[in-house]
>>> print(open('protein-v2.tsv').read())   # TSV, C-alpha atoms
chain	number	residue	atom	x	y	z
A	1	MET	CA	135.03	115.48	96.51
A	2	ASN	CA	134.88	111.72	96.90
A	3	GLU	CA	133.68	109.78	93.94
A	4	ILE	CA	130.66	107.50	94.23
A	5	THR	CA	130.57	103.89	93.11
A	6	ILE	CA	127.87	102.56	90.79
A	7	THR	CA	127.61	99.45	88.63
A	8	ILE	CA	126.89	99.52	84.91
A	9	ASN	CA	125.64	96.21	83.52
A	10	GLY	CA	127.29	94.52	86.50
A	11	GLN	CA	130.67	96.28	86.22
A	12	PRO	CA	131.75	98.68	89.02
A	13	HIS	CA	132.30	102.27	87.96
A	14	GLN	CA	133.38	105.48	89.72
A	15	VAL	CA	131.67	108.78	88.99
A	16	ALA	CA	131.77	112.26	90.54
A	17	PRO	CA	128.90	113.24	92.84
A	18	GLN	CA	126.16	115.25	91.11
A	19	THR	CA	126.66	113.26	87.90
A	20	SER	CA	123.41	113.05	85.95
A	21	VAL	CA	122.31	110.10	83.83
A	22	LEU	CA	122.90	112.21	80.74
A	23	ASP	CA	126.44	113.15	81.92
A	24	LEU	CA	127.23	109.49	82.41
A	25	LEU	CA	125.89	108.41	79.03
A	26	THR	CA	127.70	111.25	77.28
A	27	THR	CA	130.97	110.26	78.97
A	28	LEU	CA	130.44	106.65	77.95
A	29	GLY	CA	129.57	107.69	74.40
A	30	HIS	CA	126.13	106.03	74.77
A	31	ALA	CA	123.89	109.09	74.62
A	32	GLU	CA	122.89	108.20	71.08
A	33	GLN	CA	119.36	107.27	70.18
A	34	GLY	CA	118.00	103.81	70.69
A	35	MET	CA	119.38	103.23	74.18
A	36	ALA	CA	117.30	102.68	77.30
A	37	LEU	CA	118.55	102.93	80.85
A	38	ALA	CA	117.28	101.53	84.14
A	39	ILE	CA	118.45	102.31	87.67
A	40	ASN	CA	117.72	99.64	90.28
A	41	GLN	CA	115.31	97.87	87.88
A	42	ALA	CA	113.26	100.96	87.03
A	43	ILE	CA	113.47	102.54	83.58
A	44	ILE	CA	114.48	106.21	83.62
A	45	SER	CA	112.67	108.11	80.85
A	46	ARG	CA	114.87	109.96	78.43
A	47	SER	CA	113.20	113.25	79.42
A	48	GLU	CA	114.53	112.74	82.97
A	49	TRP	CA	118.12	111.94	81.99
A	50	SER	CA	119.48	115.45	82.43
A	51	GLU	CA	117.99	115.92	85.90
A	52	HIS	CA	118.28	112.49	87.42
A	53	LEU	CA	121.44	112.34	89.57
A	54	LEU	CA	123.29	109.12	90.22
A	55	GLN	CA	123.49	107.85	93.81
A	56	GLN	CA	126.05	105.68	95.58
A	57	ASP	CA	125.46	101.93	94.79
A	58	ASP	CA	123.06	102.60	91.91
A	59	ASP	CA	122.69	99.47	89.79
A	60	ILE	CA	122.52	100.69	86.21
A	61	SER	CA	121.36	98.63	83.23
A	62	LEU	CA	121.97	99.94	79.79
A	63	PHE	CA	120.50	98.29	76.72
A	64	GLN	CA	119.36	98.90	73.17
A	65	ALA	CA	115.98	98.52	71.53
A	66	ILE	CA	115.73	95.24	69.65
A	67	ALA	CA	113.59	95.35	66.55
A	68	GLY	CA	114.04	91.79	65.29
A	69	GLY	CA	111.33	89.23	65.09
B	70	MET	CA	78.36	75.98	75.87
B	71	LEU	CA	81.20	73.99	74.39
B	72	SER	CA	80.39	71.15	71.98
B	73	ASP	CA	81.47	67.59	72.77
B	74	ALA	CA	84.27	67.93	70.21
B	75	GLU	CA	85.47	71.14	71.86
B	76	THR	CA	85.27	69.57	75.31
B	77	LEU	CA	87.56	66.80	74.09
B	78	ARG	CA	89.94	69.05	72.21
B	79	TYR	CA	90.37	71.53	75.05
B	80	SER	CA	90.21	69.04	77.92
B	81	ARG	CA	93.62	70.12	79.23
B	82	HIS	CA	92.38	73.71	79.49
B	83	LEU	CA	89.18	72.61	81.17
B	84	LEU	CA	91.23	70.91	83.90
B	85	LEU	CA	92.75	74.27	84.83
B	86	SER	CA	90.70	76.08	87.46
B	87	ASN	CA	91.79	79.45	86.05
B	88	VAL	CA	90.65	78.60	82.51
B	89	GLY	CA	87.78	76.09	82.66
B	90	GLU	CA	84.75	76.24	80.38
B	91	ALA	CA	84.21	79.97	81.00
B	92	GLY	CA	87.79	80.75	79.99
B	93	GLN	CA	87.58	78.52	76.92
B	94	LEU	CA	84.43	80.34	75.79
B	95	LYS	CA	86.24	83.66	76.21
B	96	LEU	CA	89.07	82.35	74.02
B	97	LYS	CA	86.55	81.22	71.42
B	98	GLN	CA	84.98	84.68	71.25
B	99	ALA	CA	88.28	86.53	71.20
B	100	LYS	CA	89.90	88.26	68.26
B	101	VAL	CA	93.66	88.71	68.22
B	102	LEU	CA	95.61	90.76	65.68
B	103	ILE	CA	99.13	89.43	65.06
B	104	MET	CA	101.38	92.00	63.42
B	105	GLY	CA	104.24	90.17	61.71
B	106	MET	CA	104.36	86.46	60.91
B	107	GLY	CA	108.08	85.80	61.27
B	108	GLY	CA	110.00	84.11	64.06
B	109	LEU	CA	107.70	85.51	66.77
B	110	GLY	CA	104.38	85.41	64.93
B	111	ALA	CA	104.87	81.81	63.77
B	112	PRO	CA	104.91	80.17	67.23
B	113	ALA	CA	102.53	82.75	68.74
B	114	SER	CA	99.89	82.08	66.07
B	115	MET	CA	100.29	78.32	66.39
B	116	TYR	CA	99.73	78.41	70.16
B	117	LEU	CA	96.74	80.74	69.85
B	118	ALA	CA	95.12	78.63	67.14
B	119	ALA	CA	95.80	75.46	69.11
B	120	ALA	CA	94.32	77.09	72.23
B	121	GLY	CA	91.07	77.80	70.38
B	122	VAL	CA	91.27	81.59	70.07
B	123	GLY	CA	88.28	82.01	67.79
B	124	ASN	CA	89.47	84.76	65.46
B	125	LEU	CA	93.01	85.44	64.31
B	126	VAL	CA	94.05	88.24	61.98
B	127	LEU	CA	97.54	87.75	60.56
B	128	ALA	CA	99.32	90.72	59.03
B	129	ASP	CA	102.54	90.37	57.03
B	130	PHE	CA	103.42	91.52	53.51
B	131	ASP	CA	106.46	89.25	53.11
B	132	GLU	CA	106.81	86.14	51.05
B	133	LEU	CA	108.44	83.11	52.61
B	134	ASP	CA	112.17	82.97	51.95
B	135	VAL	CA	114.33	79.89	52.41
B	136	SER	CA	116.36	81.78	55.07
B	137	ASN	CA	113.18	82.11	57.17
B	138	LEU	CA	112.90	78.35	57.69
B	139	GLN	CA	115.74	78.33	60.25
B	140	ARG	CA	113.38	79.87	62.85
B	141	GLN	CA	109.86	80.42	61.48
B	142	ILE	CA	108.66	76.99	62.39
B	143	SER	CA	105.09	77.06	61.15
B	144	TYR	CA	106.27	76.98	57.54
B	145	ASP	CA	107.67	74.19	55.42
B	146	ALA	CA	110.10	74.14	52.55
B	147	SER	CA	107.40	73.55	49.94
B	148	GLN	CA	105.86	76.94	50.84
B	149	VAL	CA	108.91	79.06	49.91
B	150	GLY	CA	107.74	81.92	47.66
B	151	LEU	CA	104.19	81.97	49.05
B	152	HIS	CA	102.91	84.90	51.06
B	153	LYS	CA	103.56	84.11	54.70
B	154	VAL	CA	99.97	84.81	55.67
B	155	ASP	CA	98.72	82.30	53.06
B	156	ALA	CA	101.22	79.68	54.19
B	157	ALA	CA	100.31	80.35	57.84
B	158	LYS	CA	96.58	80.17	57.14
B	159	ALA	CA	96.98	76.72	55.61
B	160	ARG	CA	99.05	75.53	58.56
B	161	LEU	CA	96.74	76.97	61.22
B	162	ALA	CA	93.58	75.74	59.48
B	163	GLY	CA	95.10	72.26	59.48
B	164	LEU	CA	95.80	72.59	63.19
B	165	ASN	CA	92.35	73.87	64.18
B	166	CYS	CA	89.62	74.30	61.58
B	167	GLU	CA	87.34	75.95	64.15
B	168	VAL	CA	89.51	79.07	64.19
B	169	ARG	CA	88.56	81.84	61.78
B	170	ILE	CA	91.71	83.24	60.18
B	171	ARG	CA	92.03	86.34	58.03
B	172	GLY	CA	95.24	87.43	56.39
B	173	ILE	CA	96.39	90.94	55.49
B	174	LYS	CA	99.06	90.78	52.81
B	175	LYS	CA	99.71	94.44	52.19
B	176	LYS	CA	101.51	97.00	54.25
B	177	MET	CA	98.95	98.93	56.30
B	178	ASP	CA	98.98	102.67	56.77
B	179	ALA	CA	98.03	104.23	60.11
B	180	LYS	CA	94.36	104.54	59.18
B	181	GLN	CA	93.97	100.92	58.10
B	182	LEU	CA	95.90	99.75	61.11
B	183	ALA	CA	93.62	101.80	63.38
B	184	MET	CA	90.58	100.03	61.87
B	185	GLU	CA	92.11	96.60	62.40
B	186	VAL	CA	93.16	97.43	65.96
B	187	ALA	CA	89.68	98.77	66.75
B	188	MET	CA	88.19	95.40	65.74
B	189	ALA	CA	90.65	93.34	67.84
B	190	ASP	CA	90.55	92.52	71.55
B	191	LEU	CA	94.32	92.27	71.78
B	192	VAL	CA	97.34	92.97	69.57
B	193	LEU	CA	100.66	91.15	69.38
B	194	ASP	CA	103.62	93.07	68.01
B	195	CYS	CA	105.76	90.45	66.27
B	196	THR	CA	107.30	92.82	63.71
B	197	ASP	CA	110.94	93.23	62.74
B	198	ASN	CA	111.46	97.00	62.53
B	199	LEU	CA	111.28	100.03	64.78
B	200	SER	CA	108.93	102.19	62.72
B	201	SER	CA	106.23	99.48	62.75
B	202	ARG	CA	106.73	99.04	66.49
B	203	HIS	CA	106.23	102.73	67.12
B	204	LEU	CA	103.17	102.93	64.88
B	205	ILE	CA	101.53	99.86	66.44
B	206	SER	CA	102.07	101.16	69.97
B	207	GLN	CA	100.71	104.57	69.04
B	208	VAL	CA	97.59	103.12	67.40
B	209	CYS	CA	96.93	100.71	70.29
B	210	CYS	CA	97.37	103.56	72.77
B	211	GLN	CA	94.86	105.67	70.84
B	212	ALA	CA	92.37	102.79	70.65
B	213	LYS	CA	93.02	101.77	74.29
B	214	LYS	CA	93.77	98.16	73.24
B	215	PRO	CA	96.21	95.92	75.08
B	216	LEU	CA	99.51	95.30	73.30
B	217	ILE	CA	102.03	92.52	73.88
B	218	VAL	CA	105.42	93.29	72.36
B	219	GLY	CA	108.11	90.71	71.61
B	220	ALA	CA	111.52	91.08	69.98
B	221	GLY	CA	114.57	88.90	69.51
B	222	ILE	CA	118.05	89.16	68.09
B	223	ARG	CA	121.25	87.12	68.37
B	224	LEU	CA	120.82	85.39	71.73
B	225	GLU	CA	118.70	88.10	73.37
B	226	GLY	CA	114.99	88.61	73.73
B	227	GLN	CA	112.73	91.43	74.92
B	228	LEU	CA	109.13	91.06	76.09
B	229	MET	CA	106.73	93.71	77.38
B	230	MET	CA	103.03	94.48	77.70
B	231	PHE	CA	101.16	97.76	77.64
B	232	ASP	CA	97.52	97.42	78.65
B	233	PHE	CA	96.22	100.66	77.19
B	234	SER	CA	92.72	99.84	78.45
B	235	GLN	CA	94.08	100.80	81.88
B	236	PRO	CA	94.72	104.43	82.79
B	237	ASP	CA	98.34	105.53	83.20
B	238	SER	CA	99.77	102.82	80.98
B	239	ALA	CA	103.25	103.56	79.67
B	240	CYS	CA	103.89	103.00	75.95
B	241	TYR	CA	106.68	101.77	73.69
B	242	HIS	CA	107.72	105.35	73.02
B	243	CYS	CA	108.22	106.02	76.77
B	244	LEU	CA	110.81	103.24	76.75
B	245	PHE	CA	112.40	103.72	73.34
B	246	PRO	CA	111.68	107.27	72.19
B	247	SER	CA	113.95	107.13	69.19
B	248	THR	CA	112.28	106.34	65.89
B	249	GLN	CA	115.59	106.20	64.05
B	250	GLU	CA	116.01	102.91	62.26
B	251	GLN	CA	119.46	102.00	63.53
B	252	THR	CA	118.43	99.12	65.70
B	253	LEU	CA	119.31	95.49	65.50
B	254	ASN	CA	117.23	93.12	63.44
B	255	CYS	CA	117.52	89.48	62.44
B	256	SER	CA	118.83	90.16	58.93
B	257	ASN	CA	121.70	92.38	60.05
B	258	SER	CA	122.63	90.65	63.32
B	259	GLY	CA	121.47	87.04	63.11
B	260	VAL	CA	119.34	85.17	65.64
B	261	LEU	CA	119.00	81.68	67.03
B	262	GLY	CA	115.58	80.20	66.30
B	263	PRO	CA	114.68	79.24	69.89
B	264	ILE	CA	115.22	82.87	71.00
B	265	VAL	CA	112.30	84.14	68.93
B	266	GLY	CA	110.53	80.84	69.63
B	267	THR	CA	110.76	81.50	73.38
B	268	ILE	CA	109.60	85.10	73.15
B	269	GLY	CA	106.80	84.33	70.65
B	270	SER	CA	105.56	81.49	72.88
B	271	LEU	CA	105.50	83.84	75.87
B	272	GLN	CA	103.54	86.40	73.87
B	273	ALA	CA	100.96	83.65	73.27
B	274	LEU	CA	100.99	82.74	76.98
B	275	GLU	CA	100.38	86.35	78.01
B	276	ALA	CA	97.66	86.65	75.34
B	277	ILE	CA	95.82	83.58	76.62
B	278	LYS	CA	96.13	84.80	80.20
B	279	TYR	CA	94.77	88.21	79.26
B	280	LEU	CA	91.86	86.76	77.31
B	281	VAL	CA	90.74	84.42	80.09
B	282	GLY	CA	91.07	87.22	82.65
B	283	LEU	CA	94.28	86.29	84.47
B	284	PRO	CA	96.60	89.07	85.63
B	285	SER	CA	99.67	89.70	83.50
B	286	GLY	CA	103.11	89.25	84.92
B	287	ILE	CA	104.59	91.80	82.52
B	288	ASN	CA	102.23	94.76	82.33
B	289	ASN	CA	104.26	97.99	82.22
B	290	GLN	CA	107.36	95.87	82.53
B	291	LEU	CA	110.22	95.02	80.24
B	292	LYS	CA	111.66	91.52	80.49
B	293	LEU	CA	115.10	90.94	79.02
B	294	PHE	CA	116.05	87.36	78.20
B	295	ASP	CA	119.69	86.34	77.94
B	296	GLY	CA	119.89	83.19	75.85
B	297	LEU	CA	123.50	82.54	76.88
B	298	THR	CA	122.86	82.27	80.62
B	299	LEU	CA	119.06	81.78	80.44
B	300	ASN	CA	118.76	84.64	82.93
B	301	TRP	CA	115.82	87.06	82.89
B	302	GLN	CA	115.91	90.66	84.06
B	303	SER	CA	112.78	92.71	84.82
B	304	PHE	CA	112.42	96.46	84.66
B	305	ALA	CA	109.47	98.64	85.62
B	306	ILE	CA	108.40	101.02	82.86
B	307	SER	CA	106.76	104.21	84.12
B	308	ARG	CA	104.82	106.51	81.91
B	309	ASP	CA	107.01	109.37	80.75
B	310	PRO	CA	105.00	112.52	81.53
B	311	ALA	CA	106.78	114.17	78.59
B	312	CYS	CA	105.93	111.36	76.14
B	313	PRO	CA	104.35	112.92	73.03
B	314	VAL	CA	102.53	109.65	72.24
B	315	CYS	CA	100.72	108.44	75.34
B	316	SER	CA	100.33	111.81	77.05
B	317	ALA	CA	98.44	112.96	73.95
B	318	HIS	CA	95.78	110.22	74.35
B	319	GLU	CA	94.65	110.65	77.93
>>> encode(input="protein-v2.tsv", output="C-alpha cells")
Amino acid sequence: MNEITITINGQPHQVAPQTSVLDLLTTLGHAEQGMALAINQAIISRSEWSEHLLQQDDDISLFQAIAGG
Amino acid sequence: MLSDAETLRYSRHLLLSNVGEAGQLKLKQAKVLIMGMGGLGAPASMYLAAAGVGNLVLADFDELDVSNLQRQISYDASQVGLHKVDAAKARLAGLNCEVRIRGIKKKMDAKQLAMEVAMADLVLDCTDNLSSRHLISQVCCQAKKPLIVGAGIRLEGQLMMFDFSQPDSACYHCLFPSTQEQTLNCSNSGVLGPIVGTIGSLQALEAIKYLVGLPSGINNQLKLFDGLTLNWQSFAISRDPACPVCSAHE
C-alpha cells in the first residue's frame, strides 16, 4: 500500500496507512510520559492515541510539558 | 465610585472603553491568588498591583537566591535570603499601597490550597514543577475557578487558560496527563529572563481582561511561544472524556 505523507514539527514524514498516533510515537521513541501531540492545531488526548489514525497531509506538533517558572 | 487619587492613578485605564470606571471598580474588588513568585509571578504580580487589583495573595515557600535575580525582576540584591513573598510584599506595597497583599510562606497541602482557591476570583499558576501544576488545576477544577497557566524554559514559553466556571472546560491533566516529574524546569535547563517575563506579563493581561469582563483569547487553548523566532503557535485543547480529573467534577 502507498505510504501517506505527514509533517512532524514542520518536517515531512512518510507513514503507512492505518498508522495510529500511538504507533507513530512508539516508532519515534516519543511515547514516553510528558509529551503532548496536536494534529492540525488540535490537541489529541492521550486516551485517543491508540485509535486516532493519521491522515494524508496531517500537520503534527509534538511537544513536552514545561514546568519552569 | 473611584476617589480623585484613584481617578488620577488609573487614568489610562479609564480612557479605555472596555475598562472604564466600571472595570476599574471590578479590579479593585477582585482577589487573585498567585501560586509561585518566581520569574512568572514577579512580573504578573507587579502588573496586577499596578493595575489596582484590590487583593493579591502570593504563595511561595522559597527564599530569594542570588541566581533568581537574573529573571525575577521585582526583587533586588539587598533582599537575597528573604522569603520571596516578604520581598514581593515590600515591592508591591511600594508600587501601590491601596492593594491588600497577603503572603503564604509555607507549602500548602490540597486542603489548604482548596480554601485559598475558594476565596479567590482567579488563580495564576506561576509554579516551577509538575506536581504543583497538577494539584492547582485539580483544585481549581473542583472549585470551578478560572486558572491561567504560564510556564517558561530555555527560549520557550507556554500559556493556557482553563475557565472552570464554564461547563466543559478542559484541564491541565487533559493536556499533560503524566504526573511524573521528568519535565524541564529553569534550574535544570536554564531560561532567558524575558521568556518568563513575556509569559508572566501575558498571564497578568489575561487576568485583567477576565476581571473586567473581556473575553479571553486563550481559553481552552495552549499557546506556545518560540523565543528564537518570536513565533506563536495555538492549539485547541478539548476535554478528554477519559480524564480522571475534570470528568470527576462535572
>>> atom_distance(input="protein-v2.tsv", atom1="CA of Asn2 in chain A", atom2="CA of Gln56 in chain A")
10.8 Å
>>> interface_residues(input="protein-v2.tsv", of="chain A", to="chain B", cutoff="12 Å", atoms="all atoms listed in the file", output="PyMOL selection string")
chain A and resi 9+31-49+59-69
>>> atom_distance(input="protein-v2.tsv", atom1="CA of Tyr279 in chain B", atom2="CA of Lys174 in chain B")
26.9 Å
>>> atom_distance(input="protein-v2.tsv", atom1="CA of Ala179 in chain B", atom2="CA of Val126 in chain B")
16.6 Å
>>> closest_residue(input="protein-v2.tsv", among="A:Asp58, A:Thr19, A:Leu28, A:Glu51", to="Thr5 in chain A", atoms="only C-alpha atoms")
A:Asp58
>>> build_atoms(input="protein-v2.tsv", residues="range 189-200 of chain B", atoms="all heavy atoms", output="JSON list (two decimals), in the frame of the given file")
[["chain", "number", "residue", "atom", "x", "y", "z"],
["B", 189, "ALA", "N", 89.99, 94.43, 67.09],
["B", 189, "ALA", "CA", 90.65, 93.34, 67.84],
["B", 189, "ALA", "C", 90.48, 93.54, 69.34],
["B", 189, "ALA", "O", 90.25, 94.65, 69.81],
["B", 189, "ALA", "CB", 92.14, 93.31, 67.49],
["B", 190, "ASP", "N", 90.57, 92.43, 70.08],
["B", 190, "ASP", "CA", 90.55, 92.52, 71.55],
["B", 190, "ASP", "C", 91.96, 92.73, 72.09],
["B", 190, "ASP", "O", 92.14, 93.20, 73.21],
["B", 190, "ASP", "CB", 90.01, 91.21, 72.15],
["B", 190, "ASP", "CG", 88.58, 90.96, 71.72],
["B", 190, "ASP", "OD1", 87.75, 91.86, 71.90],
["B", 190, "ASP", "OD2", 88.31, 89.86, 71.18],
["B", 191, "LEU", "N", 92.94, 92.32, 71.30],
["B", 191, "LEU", "CA", 94.32, 92.27, 71.78],
["B", 191, "LEU", "C", 95.24, 92.26, 70.56],
["B", 191, "LEU", "O", 94.89, 91.68, 69.53],
["B", 191, "LEU", "CB", 94.50, 90.96, 72.58],
["B", 191, "LEU", "CG", 95.86, 90.56, 73.06],
["B", 191, "LEU", "CD1", 96.33, 91.50, 74.15],
["B", 191, "LEU", "CD2", 95.82, 89.14, 73.61],
["B", 192, "VAL", "N", 96.40, 92.90, 70.70],
["B", 192, "VAL", "CA", 97.34, 92.97, 69.57],
["B", 192, "VAL", "C", 98.69, 92.41, 70.01],
["B", 192, "VAL", "O", 99.16, 92.70, 71.12],
["B", 192, "VAL", "CB", 97.51, 94.44, 69.10],
["B", 192, "VAL", "CG1", 98.49, 94.53, 67.93],
["B", 192, "VAL", "CG2", 96.15, 95.04, 68.72],
["B", 193, "LEU", "N", 99.29, 91.61, 69.15],
["B", 193, "LEU", "CA", 100.66, 91.15, 69.38],
["B", 193, "LEU", "C", 101.57, 91.83, 68.38],
["B", 193, "LEU", "O", 101.33, 91.77, 67.18],
["B", 193, "LEU", "CB", 100.80, 89.63, 69.19],
["B", 193, "LEU", "CG", 99.94, 88.68, 70.02],
["B", 193, "LEU", "CD1", 100.45, 87.25, 69.86],
["B", 193, "LEU", "CD2", 99.91, 89.07, 71.47],
["B", 194, "ASP", "N", 102.62, 92.49, 68.89],
["B", 194, "ASP", "CA", 103.62, 93.07, 68.01],
["B", 194, "ASP", "C", 104.73, 92.04, 67.82],
["B", 194, "ASP", "O", 105.51, 91.78, 68.74],
["B", 194, "ASP", "CB", 104.18, 94.37, 68.61],
["B", 194, "ASP", "CG", 105.21, 95.04, 67.70],
["B", 194, "ASP", "OD1", 105.68, 94.38, 66.75],
["B", 194, "ASP", "OD2", 105.55, 96.20, 67.95],
["B", 195, "CYS", "N", 104.76, 91.47, 66.62],
["B", 195, "CYS", "CA", 105.76, 90.45, 66.27],
["B", 195, "CYS", "C", 106.55, 90.94, 65.06],
["B", 195, "CYS", "O", 107.03, 90.14, 64.26],
["B", 195, "CYS", "CB", 105.08, 89.13, 65.94],
["B", 195, "CYS", "SG", 104.09, 88.45, 67.28],
["B", 196, "THR", "N", 106.68, 92.25, 64.91],
["B", 196, "THR", "CA", 107.30, 92.82, 63.71],
["B", 196, "THR", "C", 108.83, 92.81, 63.83],
["B", 196, "THR", "O", 109.39, 92.40, 64.85],
["B", 196, "THR", "CB", 106.82, 94.26, 63.47],
["B", 196, "THR", "OG1", 107.15, 95.05, 64.60],
["B", 196, "THR", "CG2", 105.32, 94.31, 63.25],
["B", 197, "ASP", "N", 109.48, 93.31, 62.79],
["B", 197, "ASP", "CA", 110.94, 93.23, 62.74],
["B", 197, "ASP", "C", 111.59, 94.59, 62.50],
["B", 197, "ASP", "O", 112.74, 94.66, 62.09],
["B", 197, "ASP", "CB", 111.37, 92.25, 61.64],
["B", 197, "ASP", "CG", 110.93, 92.71, 60.26],
["B", 197, "ASP", "OD1", 110.24, 93.75, 60.16],
["B", 197, "ASP", "OD2", 111.29, 92.03, 59.28],
["B", 198, "ASN", "N", 110.85, 95.68, 62.75],
["B", 198, "ASN", "CA", 111.46, 97.00, 62.53],
["B", 198, "ASN", "C", 110.85, 98.02, 63.48],
["B", 198, "ASN", "O", 109.73, 97.88, 63.96],
["B", 198, "ASN", "CB", 111.30, 97.44, 61.09],
["B", 198, "ASN", "CG", 109.85, 97.67, 60.73],
["B", 198, "ASN", "OD1", 109.32, 98.75, 60.94],
["B", 198, "ASN", "ND2", 109.18, 96.64, 60.24],
["B", 199, "LEU", "N", 111.64, 99.05, 63.75],
["B", 199, "LEU", "CA", 111.28, 100.03, 64.78],
["B", 199, "LEU", "C", 110.11, 100.91, 64.37],
["B", 199, "LEU", "O", 109.28, 101.26, 65.21],
["B", 199, "LEU", "CB", 112.52, 100.88, 65.08],
["B", 199, "LEU", "CG", 112.61, 101.44, 66.48],
["B", 199, "LEU", "CD1", 112.56, 100.33, 67.52],
["B", 199, "LEU", "CD2", 113.89, 102.25, 66.65],
["B", 200, "SER", "N", 110.01, 101.27, 63.10],
["B", 200, "SER", "CA", 108.93, 102.19, 62.72],
["B", 200, "SER", "C", 107.57, 101.50, 62.87],
["B", 200, "SER", "O", 106.61, 102.11, 63.34],
["B", 200, "SER", "CB", 109.14, 102.74, 61.31],
["B", 200, "SER", "OG", 109.18, 101.69, 60.38]]
